[in-house]
$ cat work27.cif   # mmCIF, C-alpha atoms and all ligand atoms
data_work
loop_
_atom_site.label_atom_id
_atom_site.label_comp_id
_atom_site.auth_asym_id
_atom_site.auth_seq_id
_atom_site.Cartn_x
_atom_site.Cartn_y
_atom_site.Cartn_z
CA MET A 1 0.00 0.00 0.00
CA ASN A 2 2.74 2.41 1.06
CA MET A 3 0.70 5.51 1.54
CA LEU A 4 -0.26 5.62 5.20
CA ILE A 5 0.83 8.57 7.29
CA ASP A 6 1.11 8.31 11.06
CA SER A 7 0.28 11.94 11.75
CA HIS A 8 1.31 11.89 15.42
CA CYS A 9 3.70 9.76 17.43
CA HIS A 10 6.56 10.12 19.89
CA LEU A 11 9.30 7.92 18.48
CA GLN A 12 11.90 10.10 20.19
CA PHE A 13 10.70 8.92 23.62
CA PRO A 14 12.92 6.60 25.71
CA GLN A 15 10.45 3.73 25.19
CA PHE A 16 12.02 3.37 21.72
CA GLN A 17 15.62 3.77 22.77
CA GLY A 18 16.56 0.12 22.37
CA ASP A 19 14.94 -0.78 19.05
CA ARG A 20 14.01 2.38 17.13
CA ALA A 21 15.52 1.13 13.87
CA GLN A 22 13.45 -2.06 14.00
CA VAL A 23 10.31 -0.11 14.87
CA LEU A 24 10.86 2.06 11.80
CA GLU A 25 11.54 -0.95 9.61
CA ARG A 26 8.25 -2.54 10.72
CA ALA A 27 6.44 0.75 9.96
CA TRP A 28 7.70 0.89 6.36
CA GLN A 29 6.95 -2.83 5.96
CA ALA A 30 3.38 -2.26 7.18
CA GLY A 31 2.79 0.31 4.43
CA LEU A 32 3.54 3.61 6.09
CA SER A 33 5.07 6.24 3.83
CA THR A 34 5.60 9.00 6.37
CA ILE A 35 5.83 9.44 10.14
CA VAL A 36 5.36 12.70 12.03
CA VAL A 37 7.22 12.83 15.35
CA VAL A 38 5.71 15.29 17.81
CA GLY A 39 7.59 17.32 20.40
CA THR A 40 6.36 18.03 23.92
CA ASP A 41 9.06 20.36 25.30
CA ALA A 42 12.45 21.76 24.25
CA ASP A 43 14.39 18.51 24.59
CA SER A 44 11.81 16.23 23.01
CA SER A 45 11.26 18.72 20.16
CA GLN A 46 14.99 18.79 19.55
CA GLN A 47 15.04 14.99 19.51
CA ALA A 48 12.03 14.82 17.18
CA LEU A 49 13.81 17.16 14.80
CA ALA A 50 17.01 15.14 14.97
CA LEU A 51 15.07 12.02 13.91
CA ALA A 52 13.41 13.95 11.08
CA GLU A 53 16.68 15.38 9.85
CA GLY A 54 18.12 11.88 9.68
CA HIS A 55 15.36 10.39 7.53
CA PRO A 56 13.59 11.65 4.39
CA ASN A 57 10.21 10.17 5.41
CA ILE A 58 10.16 11.45 8.98
CA PHE A 59 8.95 14.95 9.85
CA ALA A 60 8.75 16.74 13.17
CA THR A 61 6.65 19.21 15.09
CA VAL A 62 7.99 21.35 17.91
CA GLY A 63 5.92 22.39 20.88
CA TRP A 64 5.34 22.55 24.60
CA HIS A 65 2.77 20.17 26.11
CA PRO A 66 0.37 21.53 28.76
CA HIS A 67 1.63 18.87 31.21
CA GLN A 68 5.00 20.65 31.17
CA ALA A 69 3.61 24.20 31.27
CA ALA A 70 5.03 24.83 34.75
CA GLN A 71 8.55 24.24 33.40
CA PHE A 72 8.17 26.67 30.49
CA ASP A 73 10.53 29.64 30.55
CA ASP A 74 12.25 32.10 28.22
CA ARG A 75 14.97 29.65 27.39
CA GLY A 76 12.38 27.08 26.37
CA ARG A 77 10.57 29.60 24.22
CA LEU A 78 13.74 30.71 22.47
CA THR A 79 14.79 27.11 21.87
CA LEU A 80 11.44 26.25 20.30
CA ARG A 81 11.51 29.41 18.22
CA ARG A 82 14.89 28.41 16.82
CA LEU A 83 13.87 24.76 16.22
CA ALA A 84 10.68 25.88 14.47
CA GLU A 85 12.81 27.49 11.75
CA SER A 86 14.04 24.09 10.59
CA PRO A 87 12.67 22.98 7.21
CA LYS A 88 11.71 19.69 8.88
CA ALA A 89 9.59 21.38 11.60
CA MET A 90 6.15 21.24 10.02
CA ALA A 91 3.89 22.49 12.83
CA LEU A 92 3.75 23.89 16.35
CA GLY A 93 2.65 21.21 18.78
CA GLU A 94 1.61 19.54 20.71
CA ILE A 95 0.15 22.42 22.63
CA GLY A 96 -3.13 22.99 24.43
CA LEU A 97 -4.89 22.45 27.74
CA ASP A 98 -5.19 19.39 29.97
CA PHE A 99 -7.43 19.91 32.98
CA TYR A 100 -7.88 16.15 33.39
CA ARG A 101 -4.47 15.35 34.76
CA ARG A 102 -3.63 18.94 35.74
CA LEU A 103 0.09 18.28 35.89
CA SER A 104 0.56 22.05 35.57
CA PRO A 105 -1.69 24.80 36.99
CA PRO A 106 -4.42 25.87 34.52
CA GLU A 107 -3.21 29.49 34.56
CA GLU A 108 0.24 28.46 33.37
CA GLN A 109 -1.25 26.13 30.77
CA ARG A 110 -3.28 29.00 29.31
CA ALA A 111 -0.27 31.31 29.22
CA VAL A 112 1.97 28.78 27.45
CA PHE A 113 -0.80 27.81 25.03
CA GLN A 114 -1.27 31.45 24.03
CA GLN A 115 2.46 32.03 23.55
CA MET A 116 2.69 28.93 21.36
CA LEU A 117 -0.29 30.07 19.27
CA ASP A 118 1.31 33.48 18.85
CA MET A 119 4.50 31.81 17.65
CA ALA A 120 2.59 29.63 15.19
CA GLY A 121 0.80 32.67 13.79
CA GLU A 122 4.05 34.55 13.45
CA LEU A 123 5.69 31.66 11.59
CA GLY A 124 2.64 30.67 9.56
CA LEU A 125 2.73 27.15 10.97
CA PRO A 126 -0.34 24.99 11.69
CA VAL A 127 -0.89 23.75 15.24
CA VAL A 128 -1.25 20.31 16.82
CA ILE A 129 -3.73 20.56 19.68
CA HIS A 130 -3.96 18.48 22.84
CA SER A 131 -7.19 19.16 24.69
CA ARG A 132 -8.51 17.11 27.58
CA ALA A 133 -11.29 18.04 30.00
CA ALA A 134 -10.95 21.56 28.59
CA GLU A 135 -12.96 21.19 25.41
CA GLU A 136 -14.95 24.43 25.38
CA GLU A 137 -12.12 26.62 26.61
CA ALA A 138 -9.64 25.22 24.08
CA PHE A 139 -12.19 25.75 21.33
CA ALA A 140 -12.79 29.35 22.41
CA ILE A 141 -9.06 30.11 22.46
CA LEU A 142 -8.58 28.53 19.03
CA SER A 143 -11.55 30.44 17.62
CA GLY A 144 -9.85 33.66 18.69
CA TRP A 145 -6.55 32.56 17.16
CA ALA A 146 -8.25 31.47 13.92
CA ALA A 147 -9.85 34.90 13.57
CA GLN A 148 -6.42 36.51 13.95
CA VAL A 149 -4.55 34.39 11.40
CA LYS A 150 -7.30 33.56 8.92
CA GLU A 151 -6.64 36.50 6.62
CA GLN A 152 -3.01 35.59 5.94
CA TRP A 153 -3.68 31.84 5.81
CA PRO A 154 -3.69 29.98 2.47
CA GLN A 155 -7.32 29.21 1.77
CA GLU A 156 -7.12 25.44 1.38
CA ARG A 157 -4.67 24.82 4.19
CA PRO A 158 -6.01 23.52 7.51
CA LEU A 159 -5.17 25.65 10.56
CA GLY A 160 -4.28 22.63 12.61
CA VAL A 161 -5.38 19.31 13.99
CA VAL A 162 -7.04 18.30 17.23
CA HIS A 163 -5.08 15.18 18.10
CA CYS A 164 -6.57 12.20 19.96
CA PHE A 165 -9.93 13.84 19.65
CA GLY A 166 -11.97 13.25 22.80
CA GLY A 167 -15.08 15.36 22.23
CA ASP A 168 -18.38 14.53 20.61
CA LEU A 169 -19.49 14.85 16.99
CA ALA A 170 -21.02 18.29 17.55
CA LEU A 171 -17.69 19.68 18.76
CA ALA A 172 -15.81 17.93 15.94
CA LEU A 173 -18.09 19.60 13.41
CA ARG A 174 -17.46 23.01 14.98
CA TYR A 175 -13.72 22.43 14.71
CA VAL A 176 -14.11 21.44 11.08
CA GLN A 177 -16.10 24.61 10.49
CA LEU A 178 -13.26 26.58 12.07
CA GLY A 179 -10.71 25.06 9.69
CA PHE A 180 -9.28 22.22 11.78
CA LEU A 181 -8.78 18.52 11.12
CA ILE A 182 -9.71 15.83 13.63
CA SER A 183 -7.22 13.05 14.37
CA ILE A 184 -8.36 9.54 15.29
CA PRO A 185 -6.13 7.36 17.49
CA GLY A 186 -6.09 3.62 18.23
CA SER A 187 -8.72 3.97 20.92
CA VAL A 188 -11.33 3.87 18.13
CA THR A 189 -10.69 0.09 18.12
CA TYR A 190 -11.74 -0.29 21.78
CA PRO A 191 -15.09 -1.90 22.58
CA ASN A 192 -16.44 1.19 24.40
CA ALA A 193 -15.53 3.74 21.71
CA ASP A 194 -19.10 4.82 20.93
CA ARG A 195 -18.47 8.56 20.95
CA LEU A 196 -15.34 8.33 18.81
CA THR A 197 -17.15 5.94 16.47
CA SER A 198 -19.87 8.52 15.83
CA VAL A 199 -17.19 11.16 15.17
CA VAL A 200 -15.57 8.86 12.60
CA ALA A 201 -18.91 8.11 10.99
CA GLY A 202 -20.15 11.69 11.01
CA LEU A 203 -17.23 13.69 9.58
CA PRO A 204 -16.20 13.96 5.93
CA LEU A 205 -13.16 11.76 5.27
CA GLU A 206 -11.43 14.90 3.95
CA ARG A 207 -11.31 16.21 7.53
CA LEU A 208 -9.87 13.12 9.28
CA LEU A 209 -6.30 12.19 10.17
CA VAL A 210 -5.08 8.95 11.69
CA GLU A 211 -2.41 8.63 14.36
CA THR A 212 -0.88 6.16 16.77
CA ASP A 213 0.28 8.57 19.50
CA ALA A 214 2.85 5.83 20.07
CA PRO A 215 4.01 4.71 22.61
CA TYR A 216 0.47 5.33 23.96
CA LEU A 217 -3.06 4.20 22.97
CA THR A 218 -2.21 0.79 21.55
CA PRO A 219 -5.02 -0.65 19.39
CA GLN A 220 -7.25 -3.35 20.86
CA SER A 221 -5.53 -6.49 19.51
CA MET A 222 -2.17 -5.38 20.95
CA ARG A 223 -3.51 -3.62 24.03
CA GLY A 224 -1.15 -3.73 27.01
CA ARG A 225 1.93 -3.51 24.78
CA ARG A 226 3.86 -0.44 23.70
CA ASN A 227 2.23 1.14 20.66
CA GLU A 228 4.23 1.73 17.47
CA PRO A 229 3.53 3.21 14.01
CA SER A 230 3.05 -0.17 12.28
CA PHE A 231 -0.03 -0.73 14.48
CA LEU A 232 -1.74 2.15 12.65
CA VAL A 233 -3.02 -0.42 10.15
CA GLU A 234 -5.49 -1.77 12.71
CA THR A 235 -6.89 1.71 13.39
CA VAL A 236 -7.33 2.40 9.68
CA GLY A 237 -9.06 -0.97 9.29
CA ARG A 238 -11.56 -0.07 11.99
CA ILE A 239 -12.22 3.37 10.48
CA ALA A 240 -12.84 1.77 7.09
CA GLU A 241 -15.28 -0.64 8.74
CA ILE A 242 -17.17 2.14 10.55
CA ARG A 243 -17.44 4.22 7.37
CA ALA A 244 -18.13 1.26 5.06
CA GLN A 245 -15.25 2.37 2.84
CA THR A 246 -12.17 0.48 1.72
CA ILE A 247 -8.93 0.56 3.70
CA ARG A 248 -7.29 1.97 0.60
CA GLU A 249 -9.72 4.91 0.41
CA VAL A 250 -9.20 5.74 4.07
CA ALA A 251 -5.41 5.42 3.78
CA GLU A 252 -5.18 7.55 0.65
CA GLN A 253 -7.46 10.33 1.82
CA THR A 254 -6.10 10.61 5.37
CA SER A 255 -2.58 10.69 3.96
CA ALA A 256 -3.52 13.45 1.54
CA ASN A 257 -5.07 15.33 4.47
CA ALA A 258 -1.94 14.95 6.59
CA ALA A 259 0.27 16.02 3.69
CA ALA A 260 -1.85 19.13 3.14
CA LEU A 261 -1.79 20.03 6.83
CA TYR A 262 1.93 19.58 7.34
CA GLY A 263 3.01 20.76 3.91
CA ILE A 264 4.63 17.44 3.07
CA ALA A 265 5.10 16.51 -0.57
CA GLN A 266 3.72 13.01 -1.10
CA ALA A 267 5.74 10.42 -2.98
CA GLY A 268 4.25 10.07 -6.45
CA GLY A 269 1.68 12.77 -5.73
CA SER A 270 1.47 16.24 -7.15
CA GLY A 271 3.07 17.55 -3.98
CA PRO A 272 1.44 20.36 -2.04
CA ALA A 273 2.93 23.56 -0.80
CA GLU A 274 6.41 24.00 0.52
CA LYS A 275 6.41 24.74 4.19
CA LYS A 276 7.23 28.42 3.86
CA GLU A 277 4.48 29.12 1.37
CA ALA A 278 2.24 29.63 4.39
CA LEU A 279 3.98 32.95 4.95
ZN ZN B 301 0.97 12.96 21.67
#
$ encode --input "work27.cif" --output "structure tokens" --more "lines below"
Ligand SMILES: [Zn+2]
Amino acid sequence: MNMLIDSHCHLQFPQFQGDRAQVLERAWQAGLSTIVVVGTDADSSQQALALAEGHPNIFATVGWHPHQAAQFDDRGRLTLRRLAESPKAMALGEIGLDFYRRLSPPEEQRAVFQQMLDMAGELGLPVVIHSRAAEEEAFAILSGWAAQVKEQWPQERPLGVVHCFGGDLALALRYVQLGFLISIPGSVTYPNADRLTSVVAGLPLERLLVETDAPYLTPQSMRGRRNEPSFLVETVGRIAEIRAQTIREVAEQTSANAAALYGIAQAGGSGPAEKKEAL
């Protein structure tokens, strides 16, 4: 198949320290064409970028996760700003709000989120959003940001993606209306995934991405093990089943969506915008 894009994983994390090369080999074997490695603070963004710079089919995002908001400082901001200039840094993220685990105080999460959005607007980069137990507030903040950047944004290009989407179909549709994509993780394969199933069924395929969020959210048949990009195939299979479409259709369209969001030229495809065209 060779056209699947894992739009969000953390291959730079220590869980992959011992066998990263084999994990990548299994991903290409399983039919993935491209992997996007997502940063969560200065160090992990640097490491994501290092992986991307070492491989033509790996791309990175740089960002500061709300869990780490309390550790954010000027040095972190300047480091991310510098990393974001790399031609392999395709988006700002993951960034957002997490009031579920509250590993950082909400006030600090909001402040970091806003600074990251400002940086994305300044650089013309799309954003990768993490939002948990903060759905309405995150949406309100992103609506404000969208209004600010919309005028300078290329018309067809998504503003960002809400990763591991946890809301309901009504919220997903509002995000789509705003110009965002919705990313579906392996939890759609779990037996109790009713809400996510209705999101998958109810959105146009043109607005969906697929992701592993590896090493987290391992699909049902492998649950309990570390997740990895090759397991994305199971998630795509389930999405195809829910939508009564072929695996090939889901793989092709979600890959085209991811390529358009991140500004990645697809192998054999017509190749969308260069990253800097967003400016
Ligand atoms: Zn993640």
$ residues_near_ligand --input "work27.cif" --ligand "ligand ZN 301 (chain B)" --cutoff "9 Å" --atoms "only C-alpha atoms and all ligand atoms" --output "list in words"
His8, Cys9, His10, Val37, Val38, Gly39, Thr40, His65, Gly93, Glu94, His130, His163, Cys164, Thr212, Asp213, Ala214, Pro215 and Tyr216 of chain A
$ closest_residue --input "work27.cif" --among "A:Ile35, A:Ile242, A:Leu80, A:Ile5" --to "Leu51 of chain A" --atoms "all atoms listed in the file"
A:Ile35
$ closest_residue --input "work27.cif" --among "A:Ala133, A:Leu178, A:Met119, A:Ala265" --to "Ala146 of chain A" --atoms "all atoms listed in the file"
A:Leu178
$ atom_distance --input "work27.cif" --atom1 "atom CA of Asn257 of chain A" --atom2 "atom CA of Pro229 of chain A"
17.7 Å
$ atom_distance --input "work27.cif" --atom1 "atom CA of Ala50 of chain A" --atom2 "atom CA of Asp74 of chain A"
22.0 Å
$ atom_distance --input "work27.cif" --atom1 "atom CA of Arg77 of chain A" --atom2 "atom CA of Arg102 of chain A"
21.2 Å
$ closest_residue --input "work27.cif" --among "A:Glu85, A:Glu241, A:Asp168, A:Glu136" --to "Glu122 of chain A" --atoms "only C-alpha atoms"
A:Glu85
$ residues_around --input "work27.cif" --residues "Phe165 of chain A" --least-positions-apart "2" --cutoff "7 Å" --atoms "only C-alpha atoms" --output "list of chain:residue names"
A:Val162, A:His163, A:Gly167, A:Ile182, A:Ser183, A:Ile184
$ residues_around --input "work27.cif" --residues "Arg110 of chain A" --least-positions-apart "6" --cutoff "12 Å" --atoms "all atoms listed in the file" --output "PDB file with C-alpha atoms, keeping the file's coordinate frame"
ATOM      1  CA  TRP A  64       5.340  22.550  24.600  1.00  0.00           C
ATOM      2  CA  HIS A  65       2.770  20.170  26.110  1.00  0.00           C
ATOM      3  CA  PRO A  66       0.370  21.530  28.760  1.00  0.00           C
ATOM      4  CA  HIS A  67       1.630  18.870  31.210  1.00  0.00           C
ATOM      5  CA  GLN A  68       5.000  20.650  31.170  1.00  0.00           C
ATOM      6  CA  ALA A  69       3.610  24.200  31.270  1.00  0.00           C
ATOM      7  CA  ALA A  70       5.030  24.830  34.750  1.00  0.00           C
ATOM      8  CA  PHE A  72       8.170  26.670  30.490  1.00  0.00           C
ATOM      9  CA  ILE A  95       0.150  22.420  22.630  1.00  0.00           C
ATOM     10  CA  GLY A  96      -3.130  22.990  24.430  1.00  0.00           C
ATOM     11  CA  LEU A  97      -4.890  22.450  27.740  1.00  0.00           C
ATOM     12  CA  ASP A  98      -5.190  19.390  29.970  1.00  0.00           C
ATOM     13  CA  PHE A  99      -7.430  19.910  32.980  1.00  0.00           C
ATOM     14  CA  ARG A 102      -3.630  18.940  35.740  1.00  0.00           C
ATOM     15  CA  SER A 104       0.560  22.050  35.570  1.00  0.00           C
ATOM     16  CA  MET A 116       2.690  28.930  21.360  1.00  0.00           C
ATOM     17  CA  LEU A 117      -0.290  30.070  19.270  1.00  0.00           C
ATOM     18  CA  SER A 131      -7.190  19.160  24.690  1.00  0.00           C
ATOM     19  CA  ALA A 134     -10.950  21.560  28.590  1.00  0.00           C
ATOM     20  CA  GLU A 137     -12.120  26.620  26.610  1.00  0.00           C
ATOM     21  CA  ALA A 138      -9.640  25.220  24.080  1.00  0.00           C
ATOM     22  CA  ALA A 140     -12.790  29.350  22.410  1.00  0.00           C
ATOM     23  CA  ILE A 141      -9.060  30.110  22.460  1.00  0.00           C
ATOM     24  CA  LEU A 142      -8.580  28.530  19.030  1.00  0.00           C
TER      25      LEU A 142
END
$ residues_around --input "work27.cif" --residues "Leu181 of chain A" --least-positions-apart "3" --cutoff "6 Å" --atoms "all atoms listed in the file" --output "VMD selection string"
chain A and resid 161 207 to 208
$ closest_residue --input "work27.cif" --among "A:Gln152, A:Ser143, A:Asn192, A:Ser221" --to "Gln177 of chain A" --atoms "all atoms listed in the file"
A:Ser143
